[in-house]
There are 2 protein chains.
Amino acid sequence: MCRAVTLLLGPYAEVVLHDPATDRVLEVWNPLTARGPGDPSALGDLDRLDPTDRDVYGPYEKLLADGRRLSSVSAVLRDDDGTPSVVLCVNLDRTPLERAAAVLSAFGAPTTPPPEPLFEADWSQRVDHVIGTHVRSTGRSVDRMTRQDRLAVLRALDEARVFAVRRAAPVVAQALRVSRSTVYGLLTELRAKG
Amino acid sequence: MCRAVTLLLGPYAEVVLHDPATDRVLEVWNPLTARGPGDPSALGDLDRLDPTDRDVYGPYEKLLADGRRLSSVSAVLRDDDGTPSVVLCVNLDRTPLERAAAVLSAFGAPTTPPPEPLFEADWSQRVDHVIGTHVRSTGRSVDRMTRQDRLAVLRALDEARVFAVRRAAPVVAQALRVSRSTVYGLLTELRAKG
DNA sequence: GCATGCCCGGACTTTACGTCCAGGCTGGAC
DNA sequence: GTCCAGCCTGGACGTAAAGTCCGGGCATGC
């Protein structure tokens, strides 16, 4: 069945089978990354998602290290007695589709194309996202962050113009488990350097 | 030559030849609207555009009555003595392209797609865009706006959460050619109504 | 035990937000 | 024309955030 799905979706989708007991990869079809059998699954973030249906999650968005955007769905397969036996994930690389869409909409478009859709539903989501990304990439949770971590996160948030919206500083401070003064202090420090 | 362009661009482009002397249509290939030879050109808006090249204008955006969006280019053809003899316009219907692009980007997209706007890299662009859209749809320029126009624009901006970003009110006021007080006055008025 | 570096909480200044009001302009009724 | 009503304006004003500053506490390393 996994091979079938892989063939159906062409070269831009990978299918991964995880073992929830050991939290490791069982097998990968058409891998998009270097992952292979035996590698850790890093599936812990599934519980934070609401299932769209019983035992079915997604589609949700993932980011690869090289910037490719994936649409992913996951399904938990259970034994007869109800214990999870395997987790099936399908990851679809959206970049070729997006590139094609960009080509189409650029065709005959006015010289000043629609401004970058750098929108965000809710800027506080952006805060969480930036922090979450940093936590995952460094492996240090918010409480265990070093000063450098905080500087990096604040730099990202500042460049994302988060502090142009009202009431942002206290929210960021709370998210970073740090006082408002510290946020301003770190901000002036990194703004001074450039 | 006009027939050639029409054939090249398929069923979604029309080619129109105008006579600048009489300001009337000379001939239309593959008409997208009901216009025909002898109809008024309504070409007066050309002078308001900056030529991208000598005697070549566009591409710029046009709106048809039924909502289709066109990309248009115009060229002024001159006699040997330099007097304009004909104006050539090519109008390309972008809706099929946009529909195709929408299909592509919807494929495998996260279920919660383009979350409503709140935050923008450059939110002032959004201000200009909202105002510009309103101006085009009503035909009244900013200076000739009625009170209702201003209320509508402010409602749109408020719902786009533009006023959640700092320093927004003065910028909006300036864009609407209105005092800061007026902005706040109109805002409280429409917020009171719900 | 001491020094250093960082953070905290709170006091304080500055900036911007939002409200209010007296006066002036405009367009319509008469 | 005059009058009136509605709207806008510019400025004053009070309040709420945005930022700044500092004394003290709590670690870590020596």
# chains A, B, ... in the order shown; residues from 1 in each chain; ligands from 1
>>> interface_residues(of="chain D", to="chain B", cutoff="9 Å", atoms="only C-alpha atoms (C1' of nucleotides)", output="list in words")
DC7, DC8, DT9 and DG10 of chain D
>>> write_last_selection(atoms="N, CA, C and O atoms (P, O5', C5', C4', C3', O3' and C1' of nucleotides)", output="short mmCIF file (atom, residue, chain, number, x, y, z; two decimals), in the first residue's frame")
data_model
loop_
_atom_site.label_atom_id
_atom_site.label_comp_id
_atom_site.auth_asym_id
_atom_site.auth_seq_id
_atom_site.Cartn_x
_atom_site.Cartn_y
_atom_site.Cartn_z
P DC D 7 -22.83 63.97 9.76
"O5'" DC D 7 -21.36 64.50 9.45
"C5'" DC D 7 -21.06 64.92 8.13
"C4'" DC D 7 -19.78 65.73 8.13
"C3'" DC D 7 -18.62 65.03 8.85
"O3'" DC D 7 -17.63 64.68 7.88
"C1'" DC D 7 -18.77 67.35 9.40
P DC D 8 -16.36 63.89 8.36
"O5'" DC D 8 -15.29 65.06 8.49
"C5'" DC D 8 -15.03 65.88 7.37
"C4'" DC D 8 -14.13 67.02 7.80
"C3'" DC D 8 -12.84 66.55 8.48
"O3'" DC D 8 -11.72 67.01 7.77
"C1'" DC D 8 -13.95 68.24 9.77
P DT D 9 -10.27 66.72 8.38
"O5'" DT D 9 -9.98 67.95 9.33
"C5'" DT D 9 -10.10 69.27 8.82
"C4'" DT D 9 -9.65 70.28 9.86
"C3'" DT D 9 -8.35 69.88 10.57
"O3'" DT D 9 -7.42 70.94 10.47
"C1'" DT D 9 -10.06 70.43 12.15
P DG D 10 -5.89 70.57 10.39
"O5'" DG D 10 -5.27 71.34 11.65
"C5'" DG D 10 -5.68 72.65 11.96
"C4'" DG D 10 -5.61 72.85 13.46
"C3'" DG D 10 -4.36 72.23 14.12
"O3'" DG D 10 -3.68 73.25 14.84
"C1'" DG D 10 -6.35 71.54 15.26
#
>>> interface_residues(of="chain B", to="chain C", cutoff="12 Å", atoms="only C-alpha atoms (C1' of nucleotides)", output="PyMOL selection string")
chain B and resi 163-170+180-185+187-188
>>> write_last_selection(atoms="N, CA and C atoms", output="short mmCIF file (atom, residue, chain, number, x, y, z; two decimals), in the first residue's frame")
data_model
loop_
_atom_site.label_atom_id
_atom_site.label_comp_id
_atom_site.auth_asym_id
_atom_site.auth_seq_id
_atom_site.Cartn_x
_atom_site.Cartn_y
_atom_site.Cartn_z
N PHE B 163 -5.12 48.58 12.81
CA PHE B 163 -4.90 49.49 13.94
C PHE B 163 -4.29 48.78 15.13
N ALA B 164 -3.97 47.50 14.97
CA ALA B 164 -3.22 46.81 16.02
C ALA B 164 -1.74 47.11 15.91
N VAL B 165 -1.31 47.71 14.84
CA VAL B 165 0.11 48.03 14.74
C VAL B 165 0.33 49.49 15.11
N ARG B 166 1.45 49.72 15.69
CA ARG B 166 1.74 51.05 16.24
C ARG B 166 1.87 52.08 15.12
N ARG B 167 1.52 53.28 15.44
CA ARG B 167 1.66 54.41 14.51
C ARG B 167 0.75 54.28 13.30
N ALA B 168 -0.25 53.40 13.37
CA ALA B 168 -1.09 53.19 12.20
C ALA B 168 -2.05 54.35 11.98
N ALA B 169 -2.66 54.84 13.05
CA ALA B 169 -3.70 55.85 12.90
C ALA B 169 -3.21 57.09 12.14
N PRO B 170 -2.09 57.67 12.49
CA PRO B 170 -1.65 58.85 11.74
C PRO B 170 -1.41 58.54 10.27
N ARG B 180 -6.26 63.25 12.21
CA ARG B 180 -6.20 62.11 13.12
C ARG B 180 -7.50 62.03 13.93
N SER B 181 -7.99 63.17 14.39
CA SER B 181 -9.22 63.16 15.17
C SER B 181 -10.34 62.50 14.40
N THR B 182 -10.46 62.86 13.14
CA THR B 182 -11.55 62.31 12.33
C THR B 182 -11.45 60.79 12.25
N VAL B 183 -10.24 60.30 12.09
CA VAL B 183 -10.09 58.85 12.04
C VAL B 183 -10.64 58.22 13.31
N TYR B 184 -10.22 58.76 14.44
CA TYR B 184 -10.71 58.18 15.69
C TYR B 184 -12.22 58.35 15.82
N GLY B 185 -12.72 59.50 15.40
CA GLY B 185 -14.17 59.72 15.48
C GLY B 185 -14.93 58.70 14.66
N LEU B 187 -13.91 55.86 13.65
CA LEU B 187 -13.69 54.52 14.19
C LEU B 187 -14.64 54.22 15.36
N THR B 188 -14.72 55.15 16.29
CA THR B 188 -15.63 54.89 17.43
C THR B 188 -17.06 54.79 16.94
#
>>> atom_distance(atom1="C1' of DA16 (chain D)", atom2="CA of Val162 (chain B)")
19.0 Å
>>> closest_residue(among="B:Arg3, B:Thr95, B:Ser124, B:Val142", to="Glu27 (chain B)", atoms="only C-alpha atoms")
B:Arg3
>>> closest_residue(among="A:Arg99, A:Arg150, A:His129, A:Arg94", to="Arg177 (chain A)", atoms="only C-alpha atoms")
A:Arg150
>>> closest_residue(among="B:Leu92, B:Val25, B:Val76, B:Val130", to="chain A", atoms="only C-alpha atoms")
B:Leu92
>>> atom_distance(atom1="CA of Leu9 (chain A)", atom2="CA of Arg24 (chain A)")
24.2 Å
>>> residues_around(residues="Trp29 (chain A)", least_positions_apart="2", cutoff="8 Å", atoms="only C-alpha atoms (C1' of nucleotides)", output="count of residues only")
8
>>> closest_residue(among="B:Ala160, B:Val172, B:Cys89, B:Ile131", to="chain A", atoms="only C-alpha atoms")
B:Ala160
>>> closest_residue(among="A:Glu189, A:Asp81, A:Glu159, A:Glu61", to="chain B", atoms="only C-alpha atoms")
A:Glu61
>>> atom_distance(atom1="CA of Ala100 (chain B)", atom2="CA of Leu104 (chain A)")
7.4 Å
>>> closest_residue(among="B:Pro96, B:Gly132, B:Gly139, B:Pro59", to="chain A", atoms="only C-alpha atoms")
B:Pro59
